[in-house]
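J.: Data file input-v8.cif (mmCIF, N, CA and C atoms) is appended below.
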data_protein
loop_
_atom_site.label_atom_id
_atom_site.label_comp_id
_atom_site.auth_asym_id
_atom_site.auth_seq_id
_atom_site.Cartn_x
_atom_site.Cartn_y
_atom_site.Cartn_z
N MET A 1 -79.23 -26.13 62.98
CA MET A 1 -79.77 -25.08 63.83
C MET A 1 -78.96 -25.00 65.13
N ILE A 2 -78.74 -26.14 65.75
CA ILE A 2 -77.98 -26.15 67.00
C ILE A 2 -76.54 -25.77 66.75
N LEU A 3 -75.98 -26.26 65.62
CA LEU A 3 -74.59 -25.95 65.30
C LEU A 3 -74.40 -24.46 65.08
N SER A 4 -75.35 -23.81 64.41
CA SER A 4 -75.22 -22.36 64.19
C SER A 4 -75.32 -21.61 65.51
N ASN A 5 -76.12 -22.09 66.45
CA ASN A 5 -76.20 -21.45 67.76
C ASN A 5 -74.89 -21.59 68.53
N VAL A 6 -74.21 -22.71 68.35
CA VAL A 6 -72.92 -22.91 69.01
C VAL A 6 -71.91 -21.88 68.49
N PHE A 7 -71.88 -21.66 67.16
CA PHE A 7 -70.95 -20.69 66.60
C PHE A 7 -71.31 -19.27 67.01
N LEU A 8 -72.61 -18.97 67.07
CA LEU A 8 -73.02 -17.63 67.47
C LEU A 8 -72.68 -17.37 68.93
N ASP A 9 -72.84 -18.38 69.78
CA ASP A 9 -72.50 -18.22 71.18
C ASP A 9 -71.00 -18.12 71.40
N ALA A 10 -70.22 -18.71 70.50
CA ALA A 10 -68.75 -18.67 70.63
C ALA A 10 -68.20 -17.31 70.23
N GLY A 11 -69.00 -16.44 69.65
CA GLY A 11 -68.55 -15.10 69.31
C GLY A 11 -68.01 -14.95 67.91
N PHE A 12 -68.28 -15.91 67.02
CA PHE A 12 -67.83 -15.79 65.64
C PHE A 12 -68.67 -14.74 64.93
N ASP A 13 -68.00 -13.86 64.22
CA ASP A 13 -68.69 -12.87 63.40
C ASP A 13 -68.44 -13.25 61.95
N TYR A 14 -69.47 -13.78 61.32
CA TYR A 14 -69.31 -14.26 59.95
C TYR A 14 -68.94 -13.13 58.99
N GLY A 15 -69.41 -11.93 59.25
CA GLY A 15 -69.07 -10.80 58.39
C GLY A 15 -67.58 -10.52 58.41
N GLN A 16 -66.97 -10.60 59.57
CA GLN A 16 -65.53 -10.36 59.67
C GLN A 16 -64.74 -11.48 59.01
N ILE A 17 -65.22 -12.71 59.13
CA ILE A 17 -64.55 -13.83 58.49
C ILE A 17 -64.60 -13.67 56.98
N ILE A 18 -65.74 -13.26 56.46
CA ILE A 18 -65.87 -13.03 55.02
C ILE A 18 -64.99 -11.88 54.58
N ASP A 19 -64.94 -10.80 55.37
CA ASP A 19 -64.06 -9.68 55.05
C ASP A 19 -62.60 -10.11 54.99
N LEU A 20 -62.17 -10.93 55.93
CA LEU A 20 -60.79 -11.42 55.92
C LEU A 20 -60.53 -12.30 54.69
N GLY A 21 -61.52 -13.09 54.30
CA GLY A 21 -61.39 -13.91 53.10
C GLY A 21 -61.27 -13.06 51.85
N ILE A 22 -62.08 -12.01 51.76
CA ILE A 22 -62.02 -11.12 50.61
C ILE A 22 -60.68 -10.38 50.57
N MET A 23 -60.21 -9.94 51.74
CA MET A 23 -58.89 -9.29 51.79
C MET A 23 -57.80 -10.23 51.31
N SER A 24 -57.85 -11.46 51.77
CA SER A 24 -56.85 -12.44 51.37
C SER A 24 -56.90 -12.69 49.86
N PHE A 25 -58.11 -12.79 49.33
CA PHE A 25 -58.27 -13.02 47.90
C PHE A 25 -57.76 -11.83 47.09
N SER A 26 -58.02 -10.62 47.55
CA SER A 26 -57.55 -9.44 46.81
C SER A 26 -56.02 -9.35 46.87
N ILE A 27 -55.43 -9.74 47.98
CA ILE A 27 -53.96 -9.77 48.06
C ILE A 27 -53.41 -10.83 47.11
N LEU A 28 -54.07 -11.98 47.04
CA LEU A 28 -53.66 -13.02 46.11
C LEU A 28 -53.75 -12.53 44.66
N LEU A 29 -54.84 -11.84 44.32
CA LEU A 29 -54.97 -11.28 42.98
C LEU A 29 -53.90 -10.24 42.70
N PHE A 30 -53.55 -9.45 43.70
CA PHE A 30 -52.48 -8.46 43.55
C PHE A 30 -51.15 -9.15 43.24
N VAL A 31 -50.84 -10.18 44.01
CA VAL A 31 -49.57 -10.91 43.80
C VAL A 31 -49.56 -11.56 42.42
N MET A 32 -50.68 -12.16 42.02
CA MET A 32 -50.74 -12.77 40.70
C MET A 32 -50.60 -11.73 39.59
N SER A 33 -51.19 -10.55 39.78
CA SER A 33 -51.09 -9.49 38.79
C SER A 33 -49.67 -8.97 38.69
N ILE A 34 -49.00 -8.81 39.80
CA ILE A 34 -47.61 -8.36 39.79
C ILE A 34 -46.74 -9.38 39.06
N THR A 35 -46.98 -10.66 39.32
CA THR A 35 -46.22 -11.72 38.64
C THR A 35 -46.48 -11.68 37.14
N ALA A 36 -47.74 -11.49 36.75
CA ALA A 36 -48.07 -11.41 35.33
C ALA A 36 -47.43 -10.18 34.69
N TYR A 37 -47.41 -9.06 35.42
CA TYR A 37 -46.79 -7.85 34.88
C TYR A 37 -45.29 -8.04 34.69
N ARG A 38 -44.64 -8.68 35.64
CA ARG A 38 -43.19 -8.93 35.52
C ARG A 38 -42.88 -9.82 34.32
N ASN A 39 -43.77 -10.75 34.02
CA ASN A 39 -43.55 -11.65 32.89
C ASN A 39 -43.85 -11.00 31.54
N THR A 40 -44.85 -10.11 31.50
CA THR A 40 -45.31 -9.57 30.22
C THR A 40 -44.98 -8.10 30.00
N HIS A 41 -44.83 -7.35 31.07
CA HIS A 41 -44.59 -5.89 31.03
C HIS A 41 -45.72 -5.15 30.31
N ILE A 42 -46.93 -5.63 30.44
CA ILE A 42 -48.11 -4.97 29.89
C ILE A 42 -48.65 -4.01 30.95
N LYS A 43 -48.74 -2.72 30.60
CA LYS A 43 -49.13 -1.71 31.59
C LYS A 43 -50.56 -1.90 32.09
N LYS A 44 -51.42 -2.50 31.27
CA LYS A 44 -52.79 -2.74 31.71
C LYS A 44 -52.82 -3.60 32.97
N ILE A 45 -51.93 -4.56 33.02
CA ILE A 45 -51.87 -5.45 34.19
C ILE A 45 -51.38 -4.68 35.41
N ALA A 46 -50.48 -3.73 35.21
CA ALA A 46 -49.99 -2.92 36.33
C ALA A 46 -51.13 -2.10 36.94
N PHE A 47 -52.01 -1.54 36.08
CA PHE A 47 -53.16 -0.79 36.61
C PHE A 47 -54.06 -1.70 37.43
N ALA A 48 -54.29 -2.91 36.95
CA ALA A 48 -55.13 -3.86 37.68
C ALA A 48 -54.47 -4.25 39.00
N ALA A 49 -53.16 -4.44 38.99
CA ALA A 49 -52.46 -4.82 40.22
C ALA A 49 -52.59 -3.73 41.28
N ILE A 50 -52.43 -2.49 40.87
CA ILE A 50 -52.55 -1.38 41.82
C ILE A 50 -53.99 -1.30 42.34
N ALA A 51 -54.96 -1.54 41.46
CA ALA A 51 -56.36 -1.52 41.88
C ALA A 51 -56.64 -2.62 42.91
N PHE A 52 -56.11 -3.81 42.68
CA PHE A 52 -56.29 -4.89 43.65
C PHE A 52 -55.64 -4.54 44.98
N ALA A 53 -54.48 -3.92 44.93
CA ALA A 53 -53.81 -3.52 46.17
C ALA A 53 -54.64 -2.49 46.92
N LEU A 54 -55.18 -1.51 46.19
CA LEU A 54 -56.02 -0.50 46.84
C LEU A 54 -57.28 -1.12 47.41
N PHE A 55 -57.81 -2.11 46.73
CA PHE A 55 -59.00 -2.79 47.24
C PHE A 55 -58.71 -3.48 48.56
N SER A 56 -57.56 -4.13 48.65
CA SER A 56 -57.22 -4.79 49.92
C SER A 56 -56.95 -3.75 51.01
N VAL A 57 -56.36 -2.62 50.65
CA VAL A 57 -56.14 -1.54 51.62
C VAL A 57 -57.49 -1.00 52.11
N GLN A 58 -58.42 -0.81 51.18
CA GLN A 58 -59.74 -0.31 51.55
C GLN A 58 -60.43 -1.27 52.52
N LEU A 59 -60.39 -2.55 52.23
CA LEU A 59 -61.01 -3.52 53.12
C LEU A 59 -60.32 -3.58 54.47
N PHE A 60 -58.99 -3.45 54.47
CA PHE A 60 -58.26 -3.43 55.74
C PHE A 60 -58.66 -2.22 56.57
N ILE A 61 -58.80 -1.07 55.94
CA ILE A 61 -59.21 0.14 56.67
C ILE A 61 -60.60 -0.06 57.27
N GLU A 62 -61.52 -0.62 56.49
CA GLU A 62 -62.87 -0.88 57.02
C GLU A 62 -62.83 -1.86 58.18
N TYR A 63 -62.08 -2.95 58.01
CA TYR A 63 -62.00 -3.97 59.05
C TYR A 63 -61.35 -3.40 60.31
N TYR A 64 -60.26 -2.67 60.15
CA TYR A 64 -59.56 -2.08 61.29
C TYR A 64 -60.45 -1.07 62.01
N SER A 65 -61.20 -0.28 61.25
CA SER A 65 -62.08 0.72 61.84
C SER A 65 -63.20 0.05 62.64
N GLU A 66 -63.75 -1.04 62.11
CA GLU A 66 -64.81 -1.75 62.83
C GLU A 66 -64.27 -2.40 64.10
N ALA A 67 -63.06 -2.92 64.03
CA ALA A 67 -62.50 -3.63 65.17
C ALA A 67 -62.05 -2.69 66.29
N THR A 68 -61.57 -1.50 65.94
CA THR A 68 -60.99 -0.62 66.94
C THR A 68 -61.74 0.69 67.14
N ASN A 69 -62.72 0.97 66.30
CA ASN A 69 -63.47 2.24 66.34
C ASN A 69 -62.56 3.45 66.15
N VAL A 70 -61.51 3.28 65.36
CA VAL A 70 -60.61 4.36 65.01
C VAL A 70 -60.94 4.79 63.59
N LEU A 71 -60.73 6.02 63.26
CA LEU A 71 -60.96 6.59 61.92
C LEU A 71 -62.43 6.67 61.53
N GLU A 72 -63.34 6.59 62.48
CA GLU A 72 -64.76 6.59 62.13
C GLU A 72 -65.16 7.88 61.42
N ASP A 73 -64.65 9.02 61.86
CA ASP A 73 -65.03 10.29 61.25
C ASP A 73 -64.45 10.44 59.84
N GLN A 74 -63.28 9.91 59.61
CA GLN A 74 -62.61 10.07 58.33
C GLN A 74 -63.07 9.06 57.29
N LEU A 75 -63.76 8.00 57.70
CA LEU A 75 -64.16 6.95 56.76
C LEU A 75 -65.10 7.46 55.68
N ASP A 76 -65.93 8.44 56.01
CA ASP A 76 -66.87 8.97 55.03
C ASP A 76 -66.15 9.64 53.87
N LEU A 77 -64.93 10.06 54.06
CA LEU A 77 -64.14 10.68 53.00
C LEU A 77 -63.13 9.70 52.40
N ILE A 78 -62.48 8.92 53.23
CA ILE A 78 -61.40 8.04 52.77
C ILE A 78 -61.91 6.93 51.85
N LEU A 79 -62.95 6.22 52.26
CA LEU A 79 -63.42 5.06 51.51
C LEU A 79 -63.96 5.41 50.12
N PRO A 80 -64.75 6.47 49.96
CA PRO A 80 -65.18 6.82 48.59
C PRO A 80 -64.01 7.25 47.70
N ILE A 81 -63.01 7.89 48.26
CA ILE A 81 -61.85 8.29 47.46
C ILE A 81 -61.10 7.05 46.98
N ILE A 82 -60.92 6.08 47.85
CA ILE A 82 -60.24 4.85 47.46
C ILE A 82 -61.07 4.11 46.40
N THR A 83 -62.38 4.07 46.57
CA THR A 83 -63.25 3.43 45.58
C THR A 83 -63.13 4.11 44.23
N LEU A 84 -63.10 5.44 44.23
CA LEU A 84 -62.94 6.19 42.98
C LEU A 84 -61.60 5.87 42.33
N LEU A 85 -60.54 5.79 43.12
CA LEU A 85 -59.23 5.45 42.57
C LEU A 85 -59.22 4.05 41.97
N ILE A 86 -59.87 3.11 42.63
CA ILE A 86 -59.95 1.74 42.12
C ILE A 86 -60.67 1.73 40.77
N LEU A 87 -61.79 2.42 40.69
CA LEU A 87 -62.54 2.47 39.44
C LEU A 87 -61.73 3.14 38.33
N LEU A 88 -61.03 4.22 38.66
CA LEU A 88 -60.20 4.88 37.66
C LEU A 88 -59.07 3.99 37.17
N LEU A 89 -58.46 3.26 38.08
CA LEU A 89 -57.39 2.36 37.67
C LEU A 89 -57.90 1.25 36.76
N PHE A 90 -59.06 0.66 37.08
CA PHE A 90 -59.61 -0.35 36.20
C PHE A 90 -60.00 0.26 34.85
N PHE A 91 -60.52 1.49 34.86
CA PHE A 91 -60.86 2.16 33.61
C PHE A 91 -59.62 2.38 32.76
N PHE A 92 -58.55 2.90 33.37
CA PHE A 92 -57.32 3.11 32.59
C PHE A 92 -56.72 1.78 32.12
N GLY A 93 -56.90 0.74 32.90
CA GLY A 93 -56.44 -0.57 32.48
C GLY A 93 -57.18 -1.08 31.27
N VAL A 94 -58.46 -0.73 31.15
CA VAL A 94 -59.25 -1.18 30.02
C VAL A 94 -58.96 -0.34 28.76
N VAL A 95 -58.85 0.97 28.91
CA VAL A 95 -58.72 1.83 27.73
C VAL A 95 -57.27 2.10 27.32
N LYS A 96 -56.30 1.71 28.15
CA LYS A 96 -54.88 1.95 27.84
C LYS A 96 -54.47 1.14 26.62
N LYS A 97 -53.75 1.79 25.70
CA LYS A 97 -53.29 1.09 24.49
C LYS A 97 -51.98 0.41 24.73
#
I'd like the structure from this file rewritten - as structure tokens, please.
T.:
Amino acid sequence: MILSNVFLDAGFDYGQIIDLGIMSFSILLFVMSITAYRNTHIKKIAFAAIAFALFSVQLFIEYYSEATNVLEDQLDLILPIITLLILLLFFFGVVKK
């Protein structure tokens, strides 16, 4: 209880720390997917790699917008479009022959 109060008083925002962790993980998945694609040349993996990259871009845009209050008006349009693109890429990755 006291330890959590120390972190809260120090100004740590756990949500931002988690967002940075998720961004880092999605970049790691992107790099791993690109490596797998280079080794196998399977197009399904390329779709997944692009989707992971878009996911990290989406999280970066959200994080940057929260930190700087820039792009607030455009977020209502940009983020759903990126989400739709991510879903389409995963769909094409699954159904691609």
J.: Could you tell me how far atom C of A:Val57 lies from atom CA of A:Met23, in Å and to one decimal?
T.: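 These atoms are spaced 8.4 Å apart.
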J.: So that I can see what lies close to stretch 72-82 of chain A, please list as a ChimeraX atom specification the residues with an atom at most 8 Å from it, counting all atoms listed in the file and leaving out residues fewer than 4 positions away in the same chain.
T.: /A:54-55,57-58,61-62,65-66,68,86-88
J.: Do you know which residues the PyMOL selection byres ((chain A and resi 25-40) around 6.5) returns on this file, as a list in words?
T.: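 Applying the PyMOL selection byres ((chain A and resi 25-40) around 6.5) to the structure shown produces Leu20, Gly21, Ile22, Met23, Ser24, His41, Ile42, Ile45, Ala46, Ala48, Ala49, Phe52, Ala53, Phe55 and Ser56 of chain A.
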J.: Do you have the atom N of A:Asn69-atom C of A:Leu84 distance handy?
T.: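 Answer for the atom N of A:Asn69 to atom C of A:Leu84 separation: 24.5 Å.
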J.: Between atom N of A:Tyr64 and atom C of A:Ala51, what is the distance, to one decimal in Å?
T.: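 Computed distance, atom N of A:Tyr64 to atom C of A:Ala51, equals 17.6 Å.
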J.: Pick out each residue of chain A that DSSP on the backbone tags as alpha helix (DSSP H); I need them as a short mmCIF file (atom, residue, chain, number, x, y, z; two decimals) with N, CA and C atoms, keeping the file's coordinate frame.
T.:
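Final output, saved to selection_18.cif:
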data_model
loop_
_atom_site.label_atom_id
_atom_site.label_comp_id
_atom_site.auth_asym_id
_atom_site.auth_seq_id
_atom_site.Cartn_x
_atom_site.Cartn_y
_atom_site.Cartn_z
N ILE A 2 -78.74 -26.14 65.75
CA ILE A 2 -77.98 -26.15 67.00
C ILE A 2 -76.54 -25.77 66.75
N LEU A 3 -75.98 -26.26 65.62
CA LEU A 3 -74.59 -25.95 65.30
C LEU A 3 -74.40 -24.46 65.08
N SER A 4 -75.35 -23.81 64.41
CA SER A 4 -75.22 -22.36 64.19
C SER A 4 -75.32 -21.61 65.51
N ASN A 5 -76.12 -22.09 66.45
CA ASN A 5 -76.20 -21.45 67.76
C ASN A 5 -74.89 -21.59 68.53
N VAL A 6 -74.21 -22.71 68.35
CA VAL A 6 -72.92 -22.91 69.01
C VAL A 6 -71.91 -21.88 68.49
N PHE A 7 -71.88 -21.66 67.16
CA PHE A 7 -70.95 -20.69 66.60
C PHE A 7 -71.31 -19.27 67.01
N LEU A 8 -72.61 -18.97 67.07
CA LEU A 8 -73.02 -17.63 67.47
C LEU A 8 -72.68 -17.37 68.93
N ASP A 9 -72.84 -18.38 69.78
CA ASP A 9 -72.50 -18.22 71.18
C ASP A 9 -71.00 -18.12 71.40
N TYR A 14 -69.47 -13.78 61.32
CA TYR A 14 -69.31 -14.26 59.95
C TYR A 14 -68.94 -13.13 58.99
N GLY A 15 -69.41 -11.93 59.25
CA GLY A 15 -69.07 -10.80 58.39
C GLY A 15 -67.58 -10.52 58.41
N GLN A 16 -66.97 -10.60 59.57
CA GLN A 16 -65.53 -10.36 59.67
C GLN A 16 -64.74 -11.48 59.01
N ILE A 17 -65.22 -12.71 59.13
CA ILE A 17 -64.55 -13.83 58.49
C ILE A 17 -64.60 -13.67 56.98
N ILE A 18 -65.74 -13.26 56.46
CA ILE A 18 -65.87 -13.03 55.02
C ILE A 18 -64.99 -11.88 54.58
N ASP A 19 -64.94 -10.80 55.37
CA ASP A 19 -64.06 -9.68 55.05
C ASP A 19 -62.60 -10.11 54.99
N LEU A 20 -62.17 -10.93 55.93
CA LEU A 20 -60.79 -11.42 55.92
C LEU A 20 -60.53 -12.30 54.69
N GLY A 21 -61.52 -13.09 54.30
CA GLY A 21 -61.39 -13.91 53.10
C GLY A 21 -61.27 -13.06 51.85
N ILE A 22 -62.08 -12.01 51.76
CA ILE A 22 -62.02 -11.12 50.61
C ILE A 22 -60.68 -10.38 50.57
N MET A 23 -60.21 -9.94 51.74
CA MET A 23 -58.89 -9.29 51.79
C MET A 23 -57.80 -10.23 51.31
N SER A 24 -57.85 -11.46 51.77
CA SER A 24 -56.85 -12.44 51.37
C SER A 24 -56.90 -12.69 49.86
N PHE A 25 -58.11 -12.79 49.33
CA PHE A 25 -58.27 -13.02 47.90
C PHE A 25 -57.76 -11.83 47.09
N SER A 26 -58.02 -10.62 47.55
CA SER A 26 -57.55 -9.44 46.81
C SER A 26 -56.02 -9.35 46.87
N ILE A 27 -55.43 -9.74 47.98
CA ILE A 27 -53.96 -9.77 48.06
C ILE A 27 -53.41 -10.83 47.11
N LEU A 28 -54.07 -11.98 47.04
CA LEU A 28 -53.66 -13.02 46.11
C LEU A 28 -53.75 -12.53 44.66
N LEU A 29 -54.84 -11.84 44.32
CA LEU A 29 -54.97 -11.28 42.98
C LEU A 29 -53.90 -10.24 42.70
N PHE A 30 -53.55 -9.45 43.70
CA PHE A 30 -52.48 -8.46 43.55
C PHE A 30 -51.15 -9.15 43.24
N VAL A 31 -50.84 -10.18 44.01
CA VAL A 31 -49.57 -10.91 43.80
C VAL A 31 -49.56 -11.56 42.42
N MET A 32 -50.68 -12.16 42.02
CA MET A 32 -50.74 -12.77 40.70
C MET A 32 -50.60 -11.73 39.59
N SER A 33 -51.19 -10.55 39.78
CA SER A 33 -51.09 -9.49 38.79
C SER A 33 -49.67 -8.97 38.69
N ILE A 34 -49.00 -8.81 39.80
CA ILE A 34 -47.61 -8.36 39.79
C ILE A 34 -46.74 -9.38 39.06
N THR A 35 -46.98 -10.66 39.32
CA THR A 35 -46.22 -11.72 38.64
C THR A 35 -46.48 -11.68 37.14
N ALA A 36 -47.74 -11.49 36.75
CA ALA A 36 -48.07 -11.41 35.33
C ALA A 36 -47.43 -10.18 34.69
N TYR A 37 -47.41 -9.06 35.42
CA TYR A 37 -46.79 -7.85 34.88
C TYR A 37 -45.29 -8.04 34.69
N ARG A 38 -44.64 -8.68 35.64
CA ARG A 38 -43.19 -8.93 35.52
C ARG A 38 -42.88 -9.82 34.32
N ASN A 39 -43.77 -10.75 34.02
CA ASN A 39 -43.55 -11.65 32.89
C ASN A 39 -43.85 -11.00 31.54
N THR A 40 -44.85 -10.11 31.50
CA THR A 40 -45.31 -9.57 30.22
C THR A 40 -44.98 -8.10 30.00
N LYS A 43 -48.74 -2.72 30.60
CA LYS A 43 -49.13 -1.71 31.59
C LYS A 43 -50.56 -1.90 32.09
N LYS A 44 -51.42 -2.50 31.27
CA LYS A 44 -52.79 -2.74 31.71
C LYS A 44 -52.82 -3.60 32.97
N ILE A 45 -51.93 -4.56 33.02
CA ILE A 45 -51.87 -5.45 34.19
C ILE A 45 -51.38 -4.68 35.41
N ALA A 46 -50.48 -3.73 35.21
CA ALA A 46 -49.99 -2.92 36.33
C ALA A 46 -51.13 -2.10 36.94
N PHE A 47 -52.01 -1.54 36.08
CA PHE A 47 -53.16 -0.79 36.61
C PHE A 47 -54.06 -1.70 37.43
N ALA A 48 -54.29 -2.91 36.95
CA ALA A 48 -55.13 -3.86 37.68
C ALA A 48 -54.47 -4.25 39.00
N ALA A 49 -53.16 -4.44 38.99
CA ALA A 49 -52.46 -4.82 40.22
C ALA A 49 -52.59 -3.73 41.28
N ILE A 50 -52.43 -2.49 40.87
CA ILE A 50 -52.55 -1.38 41.82
C ILE A 50 -53.99 -1.30 42.34
N ALA A 51 -54.96 -1.54 41.46
CA ALA A 51 -56.36 -1.52 41.88
C ALA A 51 -56.64 -2.62 42.91
N PHE A 52 -56.11 -3.81 42.68
CA PHE A 52 -56.29 -4.89 43.65
C PHE A 52 -55.64 -4.54 44.98
N ALA A 53 -54.48 -3.92 44.93
CA ALA A 53 -53.81 -3.52 46.17
C ALA A 53 -54.64 -2.49 46.92
N LEU A 54 -55.18 -1.51 46.19
CA LEU A 54 -56.02 -0.50 46.84
C LEU A 54 -57.28 -1.12 47.41
N PHE A 55 -57.81 -2.11 46.73
CA PHE A 55 -59.00 -2.79 47.24
C PHE A 55 -58.71 -3.48 48.56
N SER A 56 -57.56 -4.13 48.65
CA SER A 56 -57.22 -4.79 49.92
C SER A 56 -56.95 -3.75 51.01
N VAL A 57 -56.36 -2.62 50.65
CA VAL A 57 -56.14 -1.54 51.62
C VAL A 57 -57.49 -1.00 52.11
N GLN A 58 -58.42 -0.81 51.18
CA GLN A 58 -59.74 -0.31 51.55
C GLN A 58 -60.43 -1.27 52.52
N LEU A 59 -60.39 -2.55 52.23
CA LEU A 59 -61.01 -3.52 53.12
C LEU A 59 -60.32 -3.58 54.47
N PHE A 60 -58.99 -3.45 54.47
CA PHE A 60 -58.26 -3.43 55.74
C PHE A 60 -58.66 -2.22 56.57
N ILE A 61 -58.80 -1.07 55.94
CA ILE A 61 -59.21 0.14 56.67
C ILE A 61 -60.60 -0.06 57.27
N GLU A 62 -61.52 -0.62 56.49
CA GLU A 62 -62.87 -0.88 57.02
C GLU A 62 -62.83 -1.86 58.18
N TYR A 63 -62.08 -2.95 58.01
CA TYR A 63 -62.00 -3.97 59.05
C TYR A 63 -61.35 -3.40 60.31
N TYR A 64 -60.26 -2.67 60.15
CA TYR A 64 -59.56 -2.08 61.29
C TYR A 64 -60.45 -1.07 62.01
N SER A 65 -61.20 -0.28 61.25
CA SER A 65 -62.08 0.72 61.84
C SER A 65 -63.20 0.05 62.64
N GLU A 66 -63.75 -1.04 62.11
CA GLU A 66 -64.81 -1.75 62.83
C GLU A 66 -64.27 -2.40 64.10
N ALA A 67 -63.06 -2.92 64.03
CA ALA A 67 -62.50 -3.63 65.17
C ALA A 67 -62.05 -2.69 66.29
N THR A 68 -61.57 -1.50 65.94
CA THR A 68 -60.99 -0.62 66.94
C THR A 68 -61.74 0.69 67.14
N LEU A 75 -63.76 8.00 57.70
CA LEU A 75 -64.16 6.95 56.76
C LEU A 75 -65.10 7.46 55.68
N ASP A 76 -65.93 8.44 56.01
CA ASP A 76 -66.87 8.97 55.03
C ASP A 76 -66.15 9.64 53.87
N LEU A 77 -64.93 10.06 54.06
CA LEU A 77 -64.14 10.68 53.00
C LEU A 77 -63.13 9.70 52.40
N ILE A 78 -62.48 8.92 53.23
CA ILE A 78 -61.40 8.04 52.77
C ILE A 78 -61.91 6.93 51.85
N LEU A 79 -62.95 6.22 52.26
CA LEU A 79 -63.42 5.06 51.51
C LEU A 79 -63.96 5.41 50.12
N PRO A 80 -64.75 6.47 49.96
CA PRO A 80 -65.18 6.82 48.59
C PRO A 80 -64.01 7.25 47.70
N ILE A 81 -63.01 7.89 48.26
CA ILE A 81 -61.85 8.29 47.46
C ILE A 81 -61.10 7.05 46.98
N ILE A 82 -60.92 6.08 47.85
CA ILE A 82 -60.24 4.85 47.46
C ILE A 82 -61.07 4.11 46.40
N THR A 83 -62.38 4.07 46.57
CA THR A 83 -63.25 3.43 45.58
C THR A 83 -63.13 4.11 44.23
N LEU A 84 -63.10 5.44 44.23
CA LEU A 84 -62.94 6.19 42.98
C LEU A 84 -61.60 5.87 42.33
N LEU A 85 -60.54 5.79 43.12
CA LEU A 85 -59.23 5.45 42.57
C LEU A 85 -59.22 4.05 41.97
N ILE A 86 -59.87 3.11 42.63
CA ILE A 86 -59.95 1.74 42.12
C ILE A 86 -60.67 1.73 40.77
N LEU A 87 -61.79 2.42 40.69
CA LEU A 87 -62.54 2.47 39.44
C LEU A 87 -61.73 3.14 38.33
N LEU A 88 -61.03 4.22 38.66
CA LEU A 88 -60.20 4.88 37.66
C LEU A 88 -59.07 3.99 37.17
N LEU A 89 -58.46 3.26 38.08
CA LEU A 89 -57.39 2.36 37.67
C LEU A 89 -57.90 1.25 36.76
N PHE A 90 -59.06 0.66 37.08
CA PHE A 90 -59.61 -0.35 36.20
C PHE A 90 -60.00 0.26 34.85
N PHE A 91 -60.52 1.49 34.86
CA PHE A 91 -60.86 2.16 33.61
C PHE A 91 -59.62 2.38 32.76
N PHE A 92 -58.55 2.90 33.37
CA PHE A 92 -57.32 3.11 32.59
C PHE A 92 -56.72 1.78 32.12
N GLY A 93 -56.90 0.74 32.90
CA GLY A 93 -56.44 -0.57 32.48
C GLY A 93 -57.18 -1.08 31.27
N VAL A 94 -58.46 -0.73 31.15
CA VAL A 94 -59.25 -1.18 30.02
C VAL A 94 -58.96 -0.34 28.76
N VAL A 95 -58.85 0.97 28.91
CA VAL A 95 -58.72 1.83 27.73
C VAL A 95 -57.27 2.10 27.32
#
J.: Which residue, A:Leu59, A:Ile50, A:Tyr14, A:Lys44, has the smallest gap to A:Leu85 when you use only C-alpha atoms?
T.: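 Nearest candidate to A:Leu85 out of A:Leu59, A:Ile50, A:Tyr14, A:Lys44: A:Ile50.
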